[in-house]
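Source file: target_37.txt. Holds: compact mmCIF, C-alpha atoms.
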# COMPACT_ATOMS: atom_id res chain seq x y z
CA MET K 42 0.00 0.00 0.00
CA LYS K 43 1.31 3.37 -1.06
CA LYS K 44 1.94 5.94 1.63
CA LEU K 45 0.47 9.34 1.03
CA SER K 46 3.14 11.99 1.00
CA VAL K 47 2.47 14.95 3.25
CA ARG K 48 3.83 18.25 1.93
CA ARG K 49 5.26 20.32 4.69
CA ARG K 50 4.67 24.08 4.60
CA HIS K 51 7.60 26.39 4.44
CA PRO K 52 8.25 28.07 7.80
CA LEU K 53 7.72 31.52 6.24
CA ALA K 54 4.31 30.60 4.80
CA ALA K 55 2.46 31.60 7.96
CA VAL K 56 4.22 34.95 8.00
CA VAL K 57 3.31 35.56 4.34
CA VAL K 58 -0.34 34.69 5.01
CA LEU K 59 -0.41 37.07 7.98
CA LEU K 60 1.09 39.90 5.95
CA LEU K 61 -1.40 39.33 3.14
CA ALA K 62 -4.27 39.41 5.64
CA LEU K 63 -3.02 42.68 7.13
CA ALA K 64 -2.56 44.17 3.67
CA ALA K 65 -6.06 43.13 2.70
CA THR K 66 -7.48 44.65 5.88
CA GLY K 67 -5.60 47.90 5.27
CA GLY K 68 -6.74 47.96 1.67
CA LEU K 69 -10.34 47.51 2.70
CA TYR K 70 -10.00 50.31 5.25
CA ALA K 71 -8.41 52.59 2.68
CA ALA K 72 -11.15 51.76 0.22
CA PHE K 73 -14.13 52.17 2.53
CA ALA K 74 -13.09 54.61 5.30
CA PRO K 75 -12.68 57.72 3.07
CA ALA K 76 -15.94 56.92 1.36
CA ASP K 77 -17.68 56.71 4.72
CA LYS K 78 -16.18 60.04 5.78
CA ALA K 79 -17.13 61.71 2.51
CA GLN K 80 -20.63 60.29 2.79
CA ALA K 81 -20.95 61.64 6.34
CA ASN K 82 -19.81 65.11 5.21
CA GLU K 83 -22.24 65.01 2.32
CA THR K 84 -25.07 64.03 4.64
CA ALA K 85 -24.22 66.86 7.07
CA GLN K 86 -24.08 69.36 4.21
CA SER K 87 -27.42 68.17 2.84
CA LEU K 88 -28.97 68.54 6.29
CA ALA K 89 -27.56 72.07 6.64
CA ILE K 90 -28.99 73.03 3.23
CA LYS K 91 -32.38 71.58 4.17
CA GLU K 92 -32.49 73.49 7.47
CA GLY K 93 -31.23 76.62 5.75
CA GLN K 94 -34.04 76.41 3.22
CA LYS K 95 -36.56 76.41 6.06
CA LEU K 96 -35.00 79.52 7.58
CA TYR K 97 -34.85 81.15 4.14
CA THR K 98 -38.53 80.50 3.48
CA VAL K 99 -39.51 82.23 6.72
CA GLY K 100 -37.09 85.17 6.76
CA CYS K 101 -35.92 85.85 3.19
CA ALA K 102 -38.28 84.50 0.52
CA SER K 103 -40.74 87.39 0.72
CA CYS K 104 -38.12 89.76 -0.74
CA HIS K 105 -35.68 87.50 -2.59
CA GLY K 106 -38.16 85.00 -4.04
CA THR K 107 -38.89 81.41 -3.14
CA GLY K 108 -35.88 80.16 -5.10
CA GLY K 109 -33.56 83.11 -4.54
CA GLN K 110 -34.31 84.48 -8.00
CA GLY K 111 -35.04 87.96 -6.66
CA THR K 112 -38.10 90.22 -6.78
CA SER K 113 -38.82 93.92 -7.05
CA ASP K 114 -38.10 94.17 -3.31
CA GLY K 115 -34.79 92.27 -3.27
CA PRO K 116 -31.99 91.21 -5.62
CA SER K 117 -31.26 87.70 -6.81
CA LEU K 118 -29.13 85.61 -4.45
CA VAL K 119 -27.96 83.15 -7.10
CA GLY K 120 -24.17 83.25 -7.12
CA VAL K 121 -23.66 85.60 -4.14
CA GLY K 122 -22.02 82.79 -2.17
CA SER K 123 -21.91 81.91 1.50
CA ALA K 124 -19.59 84.83 2.37
CA ALA K 125 -22.25 87.39 1.41
CA VAL K 126 -24.85 85.65 3.58
CA ASP K 127 -22.48 85.43 6.54
CA PHE K 128 -21.74 89.17 6.26
CA GLN K 129 -25.27 90.46 5.63
CA VAL K 130 -27.00 88.27 8.22
CA GLY K 131 -24.10 88.32 10.70
CA THR K 132 -24.11 92.13 10.82
CA GLY K 133 -27.89 92.26 11.16
CA ARG K 134 -28.43 94.00 7.83
CA MET K 135 -30.55 91.09 6.71
CA PRO K 136 -33.41 90.46 7.04
CA ALA K 137 -34.05 94.13 6.25
CA GLN K 138 -36.73 96.01 8.14
CA GLN K 139 -37.77 97.91 5.03
CA PRO K 140 -36.41 98.72 1.56
CA GLY K 141 -34.32 101.88 1.30
CA ALA K 142 -31.27 103.52 -0.20
CA GLN K 143 -29.08 101.55 2.18
CA VAL K 144 -29.79 98.89 4.78
CA PRO K 145 -28.22 99.86 8.13
CA LYS K 146 -26.36 97.58 10.51
CA LYS K 147 -28.48 96.38 13.43
CA LYS K 148 -28.64 93.66 16.08
CA ASN K 149 -28.35 90.15 14.67
CA ILE K 150 -31.36 87.86 15.26
CA TYR K 151 -29.79 84.57 14.12
CA SER K 152 -27.29 82.28 15.83
CA GLN K 153 -24.05 81.43 14.02
CA LYS K 154 -25.33 77.90 13.39
CA GLU K 155 -28.46 79.29 11.70
CA ILE K 156 -26.34 81.70 9.67
CA ASP K 157 -24.19 78.78 8.50
CA GLN K 158 -27.33 76.88 7.47
CA LEU K 159 -28.69 79.89 5.56
CA ALA K 160 -25.30 80.33 3.90
CA ALA K 161 -25.22 76.65 2.91
CA TYR K 162 -28.63 76.93 1.24
CA VAL K 163 -27.83 80.14 -0.65
CA ALA K 164 -24.47 78.71 -1.72
CA SER K 165 -26.31 75.72 -3.18
CA LEU K 166 -28.17 78.07 -5.55
CA GLY K 167 -24.97 79.01 -7.38
CA ALA K 168 -21.21 79.23 -6.87
CA GLY K 169 -19.91 82.37 -5.19
CA PRO K 170 -17.40 83.67 -2.60
CA ILE K 171 -16.92 81.17 0.24
CA THR K 172 -16.99 82.14 3.92
CA PRO K 173 -13.33 82.66 4.90
CA THR K 174 -11.47 80.66 7.51
CA LYS K 175 -9.74 82.26 10.51
CA GLU K 176 -6.35 81.76 8.84
CA GLN K 177 -7.51 83.94 5.95
CA TYR K 178 -8.71 86.96 7.94
CA ASP K 179 -6.51 86.80 11.05
CA PRO K 180 -4.42 90.04 11.01
CA SER K 181 -1.71 88.67 13.33
CA GLY K 182 1.70 89.44 11.87
CA ALA K 183 0.26 91.51 9.00
CA ASP K 184 2.02 94.59 7.58
CA ILE K 185 0.13 97.56 9.07
CA ALA K 186 2.08 100.14 7.05
CA ASN K 187 1.28 98.39 3.77
CA GLY K 188 -2.33 98.05 4.91
CA GLY K 189 -2.51 101.79 5.49
CA GLU K 190 -1.21 102.48 1.99
CA LEU K 191 -3.69 100.04 0.46
CA PHE K 192 -6.54 101.49 2.53
CA ARG K 193 -5.79 105.08 1.51
CA THR K 194 -5.60 104.02 -2.14
CA ASN K 195 -8.73 101.84 -2.29
CA CYS K 196 -10.98 102.69 0.66
CA ALA K 197 -10.37 106.18 2.07
CA GLN K 198 -12.40 107.92 -0.65
CA CYS K 199 -15.56 106.60 0.98
CA HIS K 200 -14.63 105.36 4.44
CA ASN K 201 -12.34 108.28 5.43
CA PHE K 202 -8.60 107.94 6.11
CA THR K 203 -9.18 106.28 9.48
CA GLY K 204 -12.31 104.29 8.61
CA LYS K 205 -14.74 106.68 10.30
CA GLY K 206 -17.16 106.49 7.36
CA GLY K 207 -18.70 109.22 5.29
CA ALA K 208 -21.72 110.36 3.29
CA LEU K 209 -22.35 109.31 -0.31
CA THR K 210 -25.05 110.31 -2.79
CA THR K 211 -28.85 109.86 -2.64
CA GLY K 212 -29.02 108.84 1.02
CA LYS K 213 -26.22 106.27 0.85
CA TYR K 214 -23.16 106.25 3.09
CA ALA K 215 -19.95 104.40 3.84
CA PRO K 216 -20.29 102.95 7.37
CA ASP K 217 -17.90 103.43 10.26
CA LEU K 218 -15.44 100.51 10.38
CA ASN K 219 -14.62 100.88 14.05
CA GLY K 220 -15.64 97.73 15.93
CA VAL K 221 -16.27 95.62 12.81
CA SER K 222 -14.86 92.10 13.22
CA PRO K 223 -11.91 90.98 11.03
CA LYS K 224 -14.11 88.27 9.52
CA HIS K 225 -16.77 90.74 8.39
CA LEU K 226 -14.13 93.16 7.08
CA TYR K 227 -12.68 90.35 4.96
CA GLU K 228 -16.12 89.31 3.71
CA ALA K 229 -16.96 92.91 2.80
CA MET K 230 -13.86 93.07 0.62
CA GLN K 231 -14.75 89.69 -0.89
CA THR K 232 -18.35 90.45 -1.74
CA GLY K 233 -18.72 94.23 -2.07
CA PRO K 234 -21.91 94.81 -0.04
CA GLN K 235 -24.24 97.75 -0.64
CA ASN K 236 -22.37 100.36 -2.72
CA MET K 237 -18.90 98.97 -2.08
CA PRO K 238 -16.86 97.44 -4.94
CA SER K 239 -15.66 93.87 -4.48
CA PHE K 240 -11.99 92.90 -4.21
CA PRO K 241 -11.66 89.19 -5.08
CA ASP K 242 -8.36 87.41 -4.56
CA GLY K 243 -7.44 88.00 -8.19
CA VAL K 244 -7.59 91.76 -7.57
CA MET K 245 -6.47 91.89 -3.93
CA PRO K 246 -4.68 88.79 -2.54
CA GLU K 247 -5.44 87.40 0.91
CA GLN K 248 -2.28 88.89 2.43
CA GLU K 249 -3.22 92.40 1.31
CA LYS K 250 -6.69 91.97 2.80
CA ARG K 251 -5.08 90.96 6.10
CA ASP K 252 -2.82 94.03 5.92
CA ILE K 253 -5.85 96.30 5.50
CA ILE K 254 -7.65 94.63 8.40
CA ALA K 255 -4.57 95.12 10.59
CA TYR K 256 -4.46 98.82 9.65
CA VAL K 257 -8.16 99.38 10.39
CA LYS K 258 -7.75 97.72 13.78
CA ALA K 259 -4.61 99.68 14.61
CA VAL K 260 -5.55 103.16 13.42
CA ASN K 261 -8.50 103.47 15.81
CA SER K 262 -6.90 101.58 18.67
CA GLU K 263 -6.42 103.23 22.06
CA ASP K 264 -2.76 102.21 21.84
CA THR K 265 -2.25 104.34 18.72
CA PRO K 266 -1.18 107.90 19.66
CA SER K 267 -2.81 110.97 18.08
CA PRO K 268 -0.29 113.82 18.32
CA GLY K 269 -2.59 116.21 16.44
CA GLY K 270 -4.97 116.80 19.34
CA PHE K 271 -8.64 116.57 18.40
CA GLY K 272 -9.23 113.91 15.78
CA LEU K 273 -12.04 115.81 14.02
CA GLY K 274 -13.11 112.53 12.47
CA GLY K 275 -9.69 111.93 10.96
CA ILE K 276 -10.77 113.85 7.86
CA GLY K 277 -7.47 115.71 7.64
CA PRO K 278 -6.28 119.27 6.96
CA VAL K 279 -9.50 120.41 5.26
CA ALA K 280 -11.57 119.90 8.40
CA GLU K 281 -8.83 121.30 10.62
CA GLY K 282 -8.51 124.38 8.41
CA LEU K 283 -12.26 124.92 8.41
CA PHE K 284 -12.28 124.59 12.20
CA GLY K 285 -9.53 127.21 12.42
CA TRP K 286 -11.32 129.62 10.10
CA ILE K 287 -14.69 129.35 11.81
CA PHE K 288 -13.52 129.58 15.41
CA GLY K 289 -10.24 131.44 15.00
CA LEU K 290 -11.40 134.09 12.57
CA GLY K 291 -14.78 134.27 14.30
CA SER K 292 -13.06 135.00 17.61
CA LEU K 293 -10.94 137.75 16.03
CA ILE K 294 -14.03 139.38 14.53
CA ALA K 295 -15.82 139.25 17.87
CA VAL K 296 -12.82 140.86 19.62
CA ALA K 297 -12.61 143.57 16.94
CA ILE K 298 -16.31 144.41 17.34
CA TRP K 299 -15.94 144.54 21.12
CA VAL K 300 -12.95 146.90 20.91
CA ALA K 301 -14.69 149.13 18.39
CA ALA K 302 -17.83 149.34 20.50
CA HIS K 303 -15.95 150.23 23.66
CA THR K 304 -13.78 152.77 21.86
CA ALA K 305 -16.87 154.53 20.50
CA LYS K 306 -18.39 154.66 24.01
CA ALA K 307 -15.14 156.09 25.43
CA LYS K 308 -15.10 158.89 22.83
CA LYS K 309 -18.75 159.82 23.49
CA SER K 310 -18.15 160.12 27.21

Have the structure of the file written as structure tokens, please.
Amino acid sequence: MKKLSVRRRHPLAAVVVLLLALAATGGLYAAFAPADKAQANETAQSLAIKEGQKLYTVGCASCHGTGGQGTSDGPSLVGVGSAAVDFQVGTGRMPAQQPGAQVPKKKNIYSQKEIDQLAAYVASLGAGPITPTKEQYDPSGADIANGGELFRTNCAQCHNFTGKGGALTTGKYAPDLNGVSPKHLYEAMQTGPQNMPSFPDGVMPEQEKRDIIAYVKAVNSEDTPSPGGFGLGGIGPVAEGLFGWIFGLGSLIAVAIWVAAHTAKAKKS
């Protein structure tokens, strides 16, 4: 009777099998884990859009239309992006109390979570400027001197040299920038709200935006000295000269009248 030959496994066979099993497990994880994460993010985004649509229907649709297409009372929101929503709603300008030449800043009635949901819904209507991250608008380490030069070149015509704001035409105005958060300053440059022109990254890079934010924060800071005495709104030599003419020359005229009156009385007596 023939004996069956038993083939002995190589000592390294078990090690090879173990390595293959580990590789297969890692491959499965690499194949399925990112997909699960992406699916979770997609689900969260879809939920945010759905909740944002509910908020939009209640607070925005009456002026901007049920699908964001705009009406006679409000412009289209297609393509404005999430940054515009975060700025307008975050500063309380929207929802507007009534139509007018310019919507003023007021107390915000939405939480940041609700603002994010509104922004997600409006962003889903069409691509536009995205809400910036803290790294984009944080002015830490920015060049204040360069920011001042950029501000005087691009912004001072409306907002004044120190960001105090100023009047425009037909009831419009450039608002005071004192106390505005770095995030909202960045978004304003991104989106160009109201009568302001927009400065996308192709026109003004992120670093230059940060420089401007740093300048606005520094120029009105209590730590920044003002050797000129009264600020007079930071308007400059025109306002200071007018102040001098009105009060200085006015005082001289008053003194001259007083002297003349008393001299005439002295001669009569």

Subject >> Pick from K:Gly182, K:Gly289, K:Pro173, K:Gly188 nearest to Asp127 (chain K), counting only C-alpha atoms >> reply: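 Between K:Gly182, K:Gly289, K:Pro173, K:Gly188, the residue approaching Asp127 (chain K) most closely is K:Pro173.
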
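Distances here use only C-alpha atoms; by that measure, the residue among K:Gln129, K:Thr107, K:Ala301, K:Gln143 closest to Gly212 (chain K) is K:Gln143.
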
**OP:** Could you give me, as a VMD selection string, the residues within 7 Å of region 227-230 of chain K, counting all atoms listed in the file and dropping anything in the same chain fewer than 2 positions from it?
**Re:** chain K and resid 124 to 125 128 178 223 to 225 232 to 234 239 to 240 250

**OP:** Select, from K:Gly189, K:Gly93, K:Pro116, K:Gly106, the residue with the minimum atom-to-atom distance to Gln153 (chain K), counting only C-alpha atoms.
**Re:**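 Of the candidates, the smallest distance to Gln153 (chain K) is held by K:Gly93.
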
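CA of Asn236 (chain K) is positioned 10.3 Å from CA of Thr210 (chain K).
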
**OP:** Compile the contact shell of region 163-170 of chain K as a PyMOL selection string: residues with an atom at most 7 Å away, counting all atoms listed in the file, same-chain residues fewer than 4 positions apart removed.
**Re:** chain K and resi 118-124+159+231-232

**OP:** Find the distance between CA of Pro180 (chain K) and CA of Asp252 (chain K) and write it in Å to one decimal.
**Re:**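 Interatomic distance, CA of Pro180 (chain K) to CA of Asp252 (chain K): 6.7 Å.
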
Original post:
Rounded to one decimal in Å, what is the spacing between CA of Asn201 (chain K) and CA of Gly131 (chain K)?
Top reply: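 Interatomic distance, CA of Asn201 (chain K) to CA of Gly131 (chain K): 23.8 Å.
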
Subject >> From K:Gln80, K:Val257, K:Gly100, K:Gly291, residue lying nearest Phe202 (chain K) [all atoms listed in the file] >> reply: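 Answer, going by the shortest atom-to-atom distance: K:Val257.
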
Subject >> Selection: 7 Å around region 133-141 of chain K, all atoms listed in the file, excl. self and same-chain fewer than 3 positions, as a list in words >> reply: Gly100, Cys101, Asp114, Gln129, Val130, Val144, Pro145, Lys146, Lys147, Lys148, Asn149 and Ile150 of chain K

Would you list the contacts of Gln158 (chain K) as a PDB file with C-alpha atoms, in the coordinates of the input, taking every protein, DNA or RNA residue within 9 Å and counting all atoms listed in the file, but skipping same-chain residues closer than 2 positions in sequence?
ATOM      1  CA  GLN K  86     -24.080  69.360   4.210  1.00  0.00           C
ATOM      2  CA  LEU K  88     -28.970  68.540   6.290  1.00  0.00           C
ATOM      3  CA  ALA K  89     -27.560  72.070   6.640  1.00  0.00           C
ATOM      4  CA  ILE K  90     -28.990  73.030   3.230  1.00  0.00           C
ATOM      5  CA  LYS K  91     -32.380  71.580   4.170  1.00  0.00           C
ATOM      6  CA  GLU K  92     -32.490  73.490   7.470  1.00  0.00           C
ATOM      7  CA  GLY K  93     -31.230  76.620   5.750  1.00  0.00           C
ATOM      8  CA  GLN K  94     -34.040  76.410   3.220  1.00  0.00           C
ATOM      9  CA  LEU K  96     -35.000  79.520   7.580  1.00  0.00           C
ATOM     10  CA  GLN K 153     -24.050  81.430  14.020  1.00  0.00           C
ATOM     11  CA  LYS K 154     -25.330  77.900  13.390  1.00  0.00           C
ATOM     12  CA  GLU K 155     -28.460  79.290  11.700  1.00  0.00           C
ATOM     13  CA  ILE K 156     -26.340  81.700   9.670  1.00  0.00           C
ATOM     14  CA  ALA K 160     -25.300  80.330   3.900  1.00  0.00           C
ATOM     15  CA  ALA K 161     -25.220  76.650   2.910  1.00  0.00           C
ATOM     16  CA  TYR K 162     -28.630  76.930   1.240  1.00  0.00           C
ATOM     17  CA  VAL K 163     -27.830  80.140  -0.650  1.00  0.00           C
TER      18      VAL K 163
END

**OP:** Rank nothing, just name the residue among K:Gly115, K:Pro216, K:Gly285, K:Gly243 nearest to Ala197 (chain K), using all atoms listed in the file.
**Re:**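 The closest residue to Ala197 (chain K) is K:Pro216.
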
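Closest approach to Ser181 (chain K) among K:Leu283, K:Val296, K:Ile254, K:Ala102: K:Ile254, based on all atoms listed in the file.
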
Subject >> Non-local contacts of Leu209 (chain K) (12 Å; all atoms listed in the file; under 2 positions in same chain excluded) as number ranges by chain >> reply: K: 142-143, 198-201, 206-207, 211-216, 235-237

Could you write out the selected residues, including C-alpha atoms, as a short mmCIF file (atom, residue, chain, number, x, y, z; two decimals), in the coordinates of the input?
data_model
loop_
_atom_site.label_atom_id
_atom_site.label_comp_id
_atom_site.auth_asym_id
_atom_site.auth_seq_id
_atom_site.Cartn_x
_atom_site.Cartn_y
_atom_site.Cartn_z
CA ALA K 142 -31.27 103.52 -0.20
CA GLN K 143 -29.08 101.55 2.18
CA GLN K 198 -12.40 107.92 -0.65
CA CYS K 199 -15.56 106.60 0.98
CA HIS K 200 -14.63 105.36 4.44
CA ASN K 201 -12.34 108.28 5.43
CA GLY K 206 -17.16 106.49 7.36
CA GLY K 207 -18.70 109.22 5.29
CA THR K 211 -28.85 109.86 -2.64
CA GLY K 212 -29.02 108.84 1.02
CA LYS K 213 -26.22 106.27 0.85
CA TYR K 214 -23.16 106.25 3.09
CA ALA K 215 -19.95 104.40 3.84
CA PRO K 216 -20.29 102.95 7.37
CA GLN K 235 -24.24 97.75 -0.64
CA ASN K 236 -22.37 100.36 -2.72
CA MET K 237 -18.90 98.97 -2.08
#
